[in-house]
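For reference, model_21.cif (mmCIF, C-alpha atoms and all ligand atoms):
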data_start
#
loop_
_atom_site.label_atom_id
_atom_site.label_comp_id
_atom_site.auth_asym_id
_atom_site.auth_seq_id
_atom_site.Cartn_x
_atom_site.Cartn_y
_atom_site.Cartn_z
CA MET A 537 98.04 -96.30 -176.83
CA SER A 538 98.75 -94.21 -179.89
CA ALA A 539 99.54 -90.53 -179.71
CA ALA A 540 96.34 -89.90 -181.68
CA VAL A 541 94.21 -91.37 -178.91
CA MET A 542 96.14 -89.40 -176.27
CA ASP A 543 95.54 -86.30 -178.41
CA ASP A 544 91.83 -86.87 -177.79
CA ILE A 545 92.34 -86.01 -174.16
CA GLU A 546 91.71 -82.46 -173.10
CA LEU A 547 92.46 -80.93 -169.74
CA ARG A 548 90.31 -78.32 -168.04
CA VAL A 549 89.67 -76.81 -164.61
CA ALA A 550 87.06 -78.70 -162.58
CA THR A 551 83.97 -76.79 -161.43
CA ALA A 552 81.39 -77.41 -158.71
CA GLU A 553 79.20 -79.16 -161.30
CA ASP A 554 81.94 -81.78 -161.71
CA SER A 555 82.05 -82.65 -157.98
CA LYS A 556 79.92 -85.80 -158.07
CA ARG A 557 81.50 -87.45 -161.06
CA MET A 558 85.01 -86.37 -160.09
CA MET A 559 84.49 -88.14 -156.76
CA GLU A 560 83.08 -91.22 -158.55
CA PHE A 561 86.22 -91.23 -160.72
CA LEU A 562 88.49 -90.89 -157.66
CA HIS A 563 86.71 -93.80 -155.99
CA GLU A 564 87.33 -96.05 -158.95
CA HIS A 565 90.80 -94.94 -160.05
CA TYR A 566 92.49 -93.23 -157.07
CA TYR A 567 91.32 -94.38 -153.65
CA GLN A 568 91.47 -98.10 -154.51
CA GLU A 569 95.24 -97.91 -154.95
CA GLU A 570 96.44 -94.77 -153.19
CA PRO A 571 98.89 -96.04 -150.55
CA LEU A 572 97.65 -94.00 -147.54
CA THR A 573 94.06 -95.04 -148.25
CA ILE A 574 94.76 -98.75 -148.65
CA GLY A 575 97.44 -98.71 -145.96
CA CYS A 576 94.93 -98.69 -143.08
CA GLU A 577 91.54 -100.22 -142.36
CA PRO A 578 88.84 -99.81 -143.51
CA LYS A 579 90.13 -99.68 -147.08
CA GLN A 580 87.58 -97.08 -148.22
CA PRO A 581 88.17 -93.39 -147.47
CA ASP A 582 86.39 -91.53 -144.65
CA ALA A 583 83.73 -89.00 -145.62
CA ALA A 584 86.01 -86.28 -144.18
CA ASP A 585 88.70 -87.25 -146.71
CA GLU A 586 86.26 -86.91 -149.61
CA SER A 587 84.90 -83.60 -148.27
CA PHE A 588 88.42 -82.26 -147.95
CA LEU A 589 89.26 -83.11 -151.57
CA LEU A 590 86.02 -81.54 -152.84
CA SER A 591 86.68 -78.39 -150.80
CA ASN A 592 89.56 -77.63 -153.19
CA ILE A 593 87.38 -77.17 -156.29
CA PRO A 594 86.47 -73.49 -155.60
CA HIS A 595 90.18 -72.56 -155.70
CA GLY A 596 90.26 -73.29 -159.44
CA THR A 597 93.25 -75.59 -158.96
CA CYS A 598 91.61 -78.98 -159.62
CA LEU A 599 92.02 -80.29 -163.16
CA LEU A 600 90.25 -83.00 -165.11
CA ALA A 601 91.55 -84.93 -168.13
CA LEU A 602 88.60 -85.71 -170.39
CA GLN A 603 88.24 -87.98 -173.39
CA GLY A 604 84.96 -86.77 -174.79
CA ASP A 605 82.76 -86.70 -171.72
CA ARG A 606 84.67 -89.42 -169.87
CA ILE A 607 87.04 -88.50 -167.05
CA MET A 608 90.40 -90.22 -167.62
CA GLY A 609 92.42 -88.42 -164.96
CA ALA A 610 92.19 -85.85 -162.22
CA VAL A 611 94.44 -83.81 -159.99
CA VAL A 612 93.02 -82.23 -156.85
CA ALA A 613 95.11 -79.32 -155.59
CA GLY A 614 94.73 -76.30 -153.38
CA PRO A 615 96.58 -73.48 -151.68
CA LYS A 616 98.68 -73.77 -148.55
CA ASP A 617 100.77 -71.37 -146.49
CA LYS A 618 103.08 -71.38 -143.47
CA GLU A 619 100.21 -72.43 -141.19
CA GLU A 620 99.71 -75.71 -143.05
CA ALA A 621 101.42 -78.04 -140.56
CA GLN A 622 99.48 -76.45 -137.69
CA LEU A 623 96.19 -76.75 -139.60
CA LEU A 624 96.91 -80.42 -140.33
CA ASP A 625 97.65 -81.02 -136.64
CA GLU A 626 94.31 -79.43 -135.72
CA GLU A 627 92.49 -81.50 -138.36
CA ALA A 628 94.18 -84.67 -137.03
CA ALA A 629 93.13 -83.80 -133.45
CA GLN A 630 89.57 -83.12 -134.56
CA HIS A 631 89.44 -86.54 -136.28
CA ALA A 632 91.46 -88.44 -133.67
CA GLY A 633 90.72 -92.16 -133.66
CA THR A 634 89.56 -92.21 -137.29
CA LYS A 635 91.31 -93.23 -140.49
CA TRP A 636 91.33 -89.62 -141.73
CA GLY A 637 92.83 -88.47 -138.42
CA ARG A 638 95.63 -91.02 -138.81
CA ILE A 639 96.34 -89.96 -142.41
CA VAL A 640 96.31 -86.24 -141.64
CA GLY A 641 98.55 -86.80 -138.60
CA PHE A 642 101.11 -88.38 -140.90
CA LEU A 643 100.79 -85.58 -143.47
CA ALA A 644 101.39 -83.02 -140.70
CA LEU A 645 104.73 -84.71 -139.90
CA VAL A 646 105.62 -84.79 -143.59
CA GLU A 647 104.73 -81.10 -143.95
CA ARG A 648 106.99 -80.13 -141.00
CA GLU A 649 109.93 -82.17 -142.29
CA ALA A 650 109.61 -80.80 -145.83
CA ASN A 651 109.54 -77.24 -144.44
CA VAL A 652 108.91 -75.84 -147.92
CA PHE A 653 108.24 -72.23 -146.94
CA GLU A 654 111.60 -71.69 -145.25
CA ARG A 655 113.40 -73.84 -147.77
CA TYR A 656 112.18 -71.82 -150.75
CA GLY A 657 111.55 -68.45 -149.07
CA VAL A 658 107.94 -68.30 -150.33
CA ASP A 659 104.77 -67.56 -148.39
CA LYS A 660 102.31 -69.73 -150.31
CA ALA A 661 102.22 -72.75 -152.58
CA VAL A 662 99.78 -74.80 -154.59
CA HIS A 663 99.78 -78.37 -153.26
CA ALA A 664 98.63 -81.46 -155.18
CA HIS A 665 96.60 -83.53 -152.73
CA ALA A 666 95.40 -86.28 -155.07
CA LEU A 667 96.39 -87.49 -158.51
CA GLY A 668 94.59 -90.32 -160.25
CA VAL A 669 94.64 -91.74 -163.77
CA ASP A 670 92.15 -94.24 -165.25
CA THR A 671 93.59 -97.74 -164.81
CA THR A 672 93.38 -98.34 -168.59
CA MET A 673 95.54 -95.27 -169.27
CA ARG A 674 98.42 -95.76 -166.79
CA GLY A 675 102.06 -95.42 -167.82
CA ARG A 676 101.29 -93.15 -170.78
CA ALA A 677 102.30 -89.90 -169.09
CA LEU A 678 98.77 -88.64 -168.44
CA GLY A 679 99.68 -88.20 -164.76
CA ALA A 680 102.73 -86.16 -165.80
CA ARG A 681 100.57 -84.12 -168.15
CA LEU A 682 98.16 -83.30 -165.33
CA ILE A 683 101.01 -82.16 -163.07
CA THR A 684 102.52 -80.07 -165.88
CA ALA A 685 99.12 -78.43 -166.45
CA LEU A 686 98.73 -77.86 -162.71
CA ALA A 687 102.11 -76.11 -162.64
CA ALA A 688 100.97 -73.82 -165.48
CA ARG A 689 97.64 -73.17 -163.74
CA GLY A 690 99.38 -72.48 -160.43
CA LYS A 691 101.72 -70.01 -162.08
CA GLU A 692 98.81 -68.31 -163.83
CA LEU A 693 97.09 -67.87 -160.44
CA GLY A 694 100.23 -66.37 -158.88
CA TYR A 695 101.58 -69.29 -156.87
CA PRO A 696 105.39 -69.30 -156.69
CA LEU A 697 105.72 -73.01 -155.86
CA LEU A 698 104.05 -76.37 -156.58
CA THR A 699 104.41 -79.15 -154.03
CA LEU A 700 103.39 -82.82 -154.01
CA ASP A 701 103.54 -85.47 -151.30
CA CYS A 702 104.02 -88.55 -153.47
CA THR A 703 102.63 -91.47 -151.53
CA SER A 704 103.12 -93.86 -154.47
CA VAL A 705 106.36 -94.90 -156.18
CA TYR A 706 104.65 -94.14 -159.50
CA SER A 707 103.82 -90.52 -158.66
CA SER A 708 107.40 -90.16 -157.35
CA ARG A 709 108.73 -91.40 -160.68
CA LEU A 710 106.71 -88.96 -162.69
CA SER A 711 107.66 -86.05 -160.38
CA ARG A 712 111.36 -86.86 -160.79
CA ARG A 713 110.93 -87.12 -164.54
CA LEU A 714 109.30 -83.66 -164.56
CA GLY A 715 112.38 -82.20 -162.87
CA CYS A 716 110.79 -81.52 -159.49
CA ASP A 717 113.17 -81.29 -156.48
CA LEU A 718 113.00 -84.19 -154.05
CA ILE A 719 113.04 -82.39 -150.70
CA ASN A 720 112.00 -85.00 -148.15
CA SER A 721 111.46 -88.71 -147.79
CA LYS A 722 109.55 -90.32 -144.92
CA LEU A 723 109.18 -94.07 -144.45
CA TYR A 724 105.75 -95.43 -143.53
CA SER A 725 107.56 -97.69 -141.06
CA ASP A 726 108.61 -94.58 -139.08
CA TYR A 727 105.01 -93.57 -138.30
CA LYS A 728 104.04 -95.49 -135.15
CA ASP A 729 101.68 -95.14 -132.21
CA VAL A 730 102.89 -94.95 -128.59
CA SER A 731 103.06 -98.76 -128.42
CA GLY A 732 105.34 -98.87 -131.46
CA VAL A 733 102.68 -100.19 -133.85
CA GLN A 734 103.02 -98.93 -137.43
CA LEU A 735 99.95 -96.81 -138.22
CA ILE A 736 99.90 -96.91 -142.04
CA CYS A 737 101.04 -100.07 -143.84
CA PRO A 738 100.74 -99.77 -147.65
CA PRO A 739 101.61 -102.79 -149.80
CA ALA A 740 105.00 -103.03 -151.60
CA PRO A 741 106.51 -101.31 -153.48
CA HIS A 742 105.17 -98.25 -151.65
CA ASP A 743 107.38 -97.77 -148.58
CA ARG A 744 107.65 -93.98 -148.20
CA VAL A 745 106.19 -90.58 -148.97
CA GLU A 746 108.46 -88.41 -151.04
CA THR A 747 107.82 -84.68 -151.09
CA TYR A 748 108.65 -82.88 -154.33
CA ALA A 749 108.62 -79.18 -155.16
CA LEU A 750 108.80 -77.15 -158.34
CA LEU A 751 109.42 -73.40 -158.46
CA LEU A 752 106.92 -71.82 -160.85
N1 LIG A 801 103.90 -100.56 -162.85
C1 LIG A 801 105.13 -100.05 -163.11
N2 LIG A 801 105.35 -98.76 -163.45
C2 LIG A 801 104.28 -97.97 -163.53
C3 LIG A 801 102.97 -98.40 -163.26
C4 LIG A 801 102.82 -99.77 -162.92
N3 LIG A 801 101.61 -100.29 -162.64
N4 LIG A 801 102.14 -97.37 -163.39
C5 LIG A 801 102.89 -96.30 -163.73
N5 LIG A 801 104.17 -96.67 -163.81
C6 LIG A 801 105.33 -95.82 -164.08
C7 LIG A 801 105.29 -95.20 -165.44
O1 LIG A 801 105.91 -96.00 -166.40
C8 LIG A 801 106.06 -93.93 -165.19
O2 LIG A 801 107.45 -94.17 -164.96
P1 LIG A 801 108.57 -93.63 -165.97
O3 LIG A 801 108.54 -92.15 -165.85
O4 LIG A 801 109.81 -94.21 -165.42
O5 LIG A 801 108.18 -94.11 -167.32
C9 LIG A 801 105.51 -93.52 -163.86
O6 LIG A 801 105.28 -94.74 -163.13
C10 LIG A 801 104.17 -92.83 -163.97
O7 LIG A 801 104.20 -91.81 -164.92
P2 LIG A 801 102.92 -91.42 -165.78
O8 LIG A 801 102.72 -92.36 -166.92
O9 LIG A 801 103.03 -89.96 -166.08
O10 LIG A 801 101.75 -91.59 -164.72
P3 LIG A 801 100.36 -92.32 -164.90
O11 LIG A 801 99.57 -91.60 -165.94
O12 LIG A 801 100.53 -93.77 -165.02
O13 LIG A 801 99.72 -91.97 -163.47
C11 LIG A 801 99.47 -92.31 -161.13
C12 LIG A 801 100.44 -92.20 -162.28
C13 LIG A 801 98.57 -91.09 -161.12
C14 LIG A 801 100.27 -92.34 -159.83
C15 LIG A 801 98.61 -93.57 -161.31
O14 LIG A 801 99.46 -94.69 -161.16
C16 LIG A 801 97.45 -93.68 -160.33
O15 LIG A 801 96.37 -93.15 -160.58
N6 LIG A 801 97.65 -94.42 -159.20
C17 LIG A 801 96.61 -94.65 -158.21
C18 LIG A 801 96.42 -93.47 -157.25
C19 LIG A 801 97.74 -93.00 -156.65
O16 LIG A 801 98.46 -93.74 -155.99
N7 LIG A 801 98.03 -91.71 -156.87
C20 LIG A 801 99.27 -91.06 -156.41
C21 LIG A 801 99.23 -90.71 -154.96
S1 LIG A 801 100.32 -89.36 -154.55
C22 LIG A 801 99.39 -87.99 -154.91
O17 LIG A 801 98.21 -88.10 -155.15
C23 LIG A 801 100.02 -86.64 -154.90
#

Could you spell out this file's structure in structure tokens?
Amino acid sequence: MSAAVMDDIELRVATAEDSKRMMEFLHEHYYQEEPLTIGCEPKQPDAADESFLLSNIPHGTCLLALQGDRIMGAVVAGPKDKEEAQLLDEEAAQHAGTKWGRIVGFLALVEREANVFERYGVDKAVHAHALGVDTTMRGRALGARLITALAARGKELGYPLLTLDCTSVYSSRLSRRLGCDLINSKLYSDYKDVSGVQLICPPAPHDRVETYALLL
């Protein structure tokens, strides 16, 4: 892909009017490969997962990468504060026995271990929940560009910190390359039910969630 073609891509904040097609994009280019989603049955996301992602749009922290009218990438992000781990626990309890409940239960553990608010002495952060790039555009730094733009947007809105739970080795790579701090690493094999059965089993090479943070 030449720089000229990449130059055709413009980033902007997603609005409520974008909800339907942003979700269509995420179904095609995010959920089909995102390790938490494909790491437990059924492979498709729960409706609660989709609703949660869409609930972030009003915060003005979801960005689209557009080539003309076509969505080529998206990052879904929203605010969090010190109550986040507790809220995730409550969401997991509310959805107990479902795929979304299992995923959120894991994210609650990750949130506690990362402990970003004490670690950085901040009281809020903008958190990237989902990052997806069109399969035809992978490996050309569009994902990195979306995270860089999210950092700028977060700063503009007054957030002191950007955080990401990178469930994929590829999002981890781009976060490292952007100079984000790696603050926690949690293996999928460490998340088990009371009988010792692993609850989320993504395919190789994805074996852990790495949490990254960037002071804004
Ligand atoms: N095989 C090997 N390396 C790859 C591949 C691949 N299939 N895809 C990307 N990479 C590498 C890139 O070369 C780059 O590494 P480098 O910095 O060492 O060169 C890195 O992984 C990705 O960097 P970008 O090019 O900036 O990212 P890209 O535009 O390819 O988007 C993304 C990365 C968003 C993770 C994309 O692979 C994707 O949409 N995956 C499916 C959904 C997903 O798993 N999203 C991340 C979940 S975590 C989260 O959402 C916060």

### Shortest interatomic distance to Asp554 (chain A) - which of A:Pro615, A:Gly675, A:Pro594, A:Gly641, counting only C-alpha atoms
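Nearest candidate to Asp554 (chain A) out of A:Pro615, A:Gly675, A:Pro594, A:Gly641: A:Pro594.
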
### Task
Tell me which protein, DNA and RNA residues are within 10 Å of Leu643 (chain A), counting all atoms listed in the file, leaving out same-chain ones fewer than 5 positions away, and put them as a list in words.
Leu572, Glu620, Ala621, Leu624, Asp625, Ala628, Gly637, Arg638, Arg648, Glu649, Asp701 and Val745 of chain A

Could you turn the residues from that selection into a file that holds C-alpha atoms, as a compact mmCIF listing (two decimals), in the frame of the given file?
# COMPACT_ATOMS: atom_id res chain seq x y z
CA LEU A 572 97.65 -94.00 -147.54
CA GLU A 620 99.71 -75.71 -143.05
CA ALA A 621 101.42 -78.04 -140.56
CA LEU A 624 96.91 -80.42 -140.33
CA ASP A 625 97.65 -81.02 -136.64
CA ALA A 628 94.18 -84.67 -137.03
CA GLY A 637 92.83 -88.47 -138.42
CA ARG A 638 95.63 -91.02 -138.81
CA ARG A 648 106.99 -80.13 -141.00
CA GLU A 649 109.93 -82.17 -142.29
CA ASP A 701 103.54 -85.47 -151.30
CA VAL A 745 106.19 -90.58 -148.97

### Query
Taking all atoms listed in the file into account, which residues are within 7 Å of ligand LIG 801 (chain A), as a VMD selection string?
chain A and resid 565 to 567 569 to 571 664 to 671 673 to 681 700 to 704 706 to 707 709 to 710 713

#### Entry: Pairwise distance for CA of Gln603 (chain A) and CA of Leu589 (chain A), rounded to one decimal in Å
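Going from CA of Gln603 (chain A) over to CA of Leu589 (chain A), I get 22.4 Å.
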
### Query
Mind pulling up the distance from CA of Gln568 (chain A) to CA of Leu682 (chain A)?
19.5 Å

### Query
Counting only C-alpha atoms, which of A:Asp617, A:Asp543, A:Glu654, A:Glu564 gets nearest to Tyr695 (chain A)?
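Closest candidate: A:Asp617.
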
#### Entry: Å distance separating CA of Ile545 (chain A) from CA of Glu560 (chain A), one decimal place
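Going from CA of Ile545 (chain A) over to CA of Glu560 (chain A), I get 18.9 Å.
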
### Message
Applying 10 Å and all atoms listed in the file, which residues near Asp582 (chain A) remain after dropping the ones on its own chain fewer than 3 positions away? List them as a PyMOL selection string.
### Response
chain A and resi 573+578-579+585-587+634-637

### Task
Select, from A:Glu546, A:Val640, A:Glu577, A:Glu553, the residue with the minimum atom-to-atom distance to Met608 (chain A), counting all atoms listed in the file.
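Ranked by minimum distance to Met608 (chain A), first place goes to A:Glu546.
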
### Query
Using only C-alpha atoms, which of A:Glu626, A:Asp544, A:Asp605, A:Asp743 sits nearest Tyr727 (chain A)?
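Using only C-alpha atoms, Tyr727 (chain A) sits closest to A:Asp743.
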
### Query
Which residue, A:Val730, A:Leu547, A:Leu714, A:Ala740, has the smallest gap to Gly604 (chain A) when you use all atoms listed in the file?
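That would be A:Leu547, the residue with the smallest distance to Gly604 (chain A).
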
### Message
When you count all atoms listed in the file, which of these residues is closest to Ala610 (chain A): A:Phe561, A:Gly694, A:Ala644, A:Asp659?
### Response
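Between A:Phe561, A:Gly694, A:Ala644, A:Asp659, the residue approaching Ala610 (chain A) most closely is A:Phe561.
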
### Message
Using all atoms listed in the file - which residues lie no farther than 6 Å from the point (106.4, -79.4, -158.9) in the file's frame? Write them as a ChimeraX atom specification.
### Response
/A:698-699,716,749-750

What would the file look like if the residues just selected were written as a PDB file, in the frame of the given file with C-alpha atoms?
ATOM      1  CA  LEU A 698     104.050 -76.370-156.580  1.00  0.00           C
ATOM      2  CA  THR A 699     104.410 -79.150-154.030  1.00  0.00           C
ATOM      3  CA  CYS A 716     110.790 -81.520-159.490  1.00  0.00           C
ATOM      4  CA  ALA A 749     108.620 -79.180-155.160  1.00  0.00           C
ATOM      5  CA  LEU A 750     108.800 -77.150-158.340  1.00  0.00           C
TER       6      LEU A 750
END
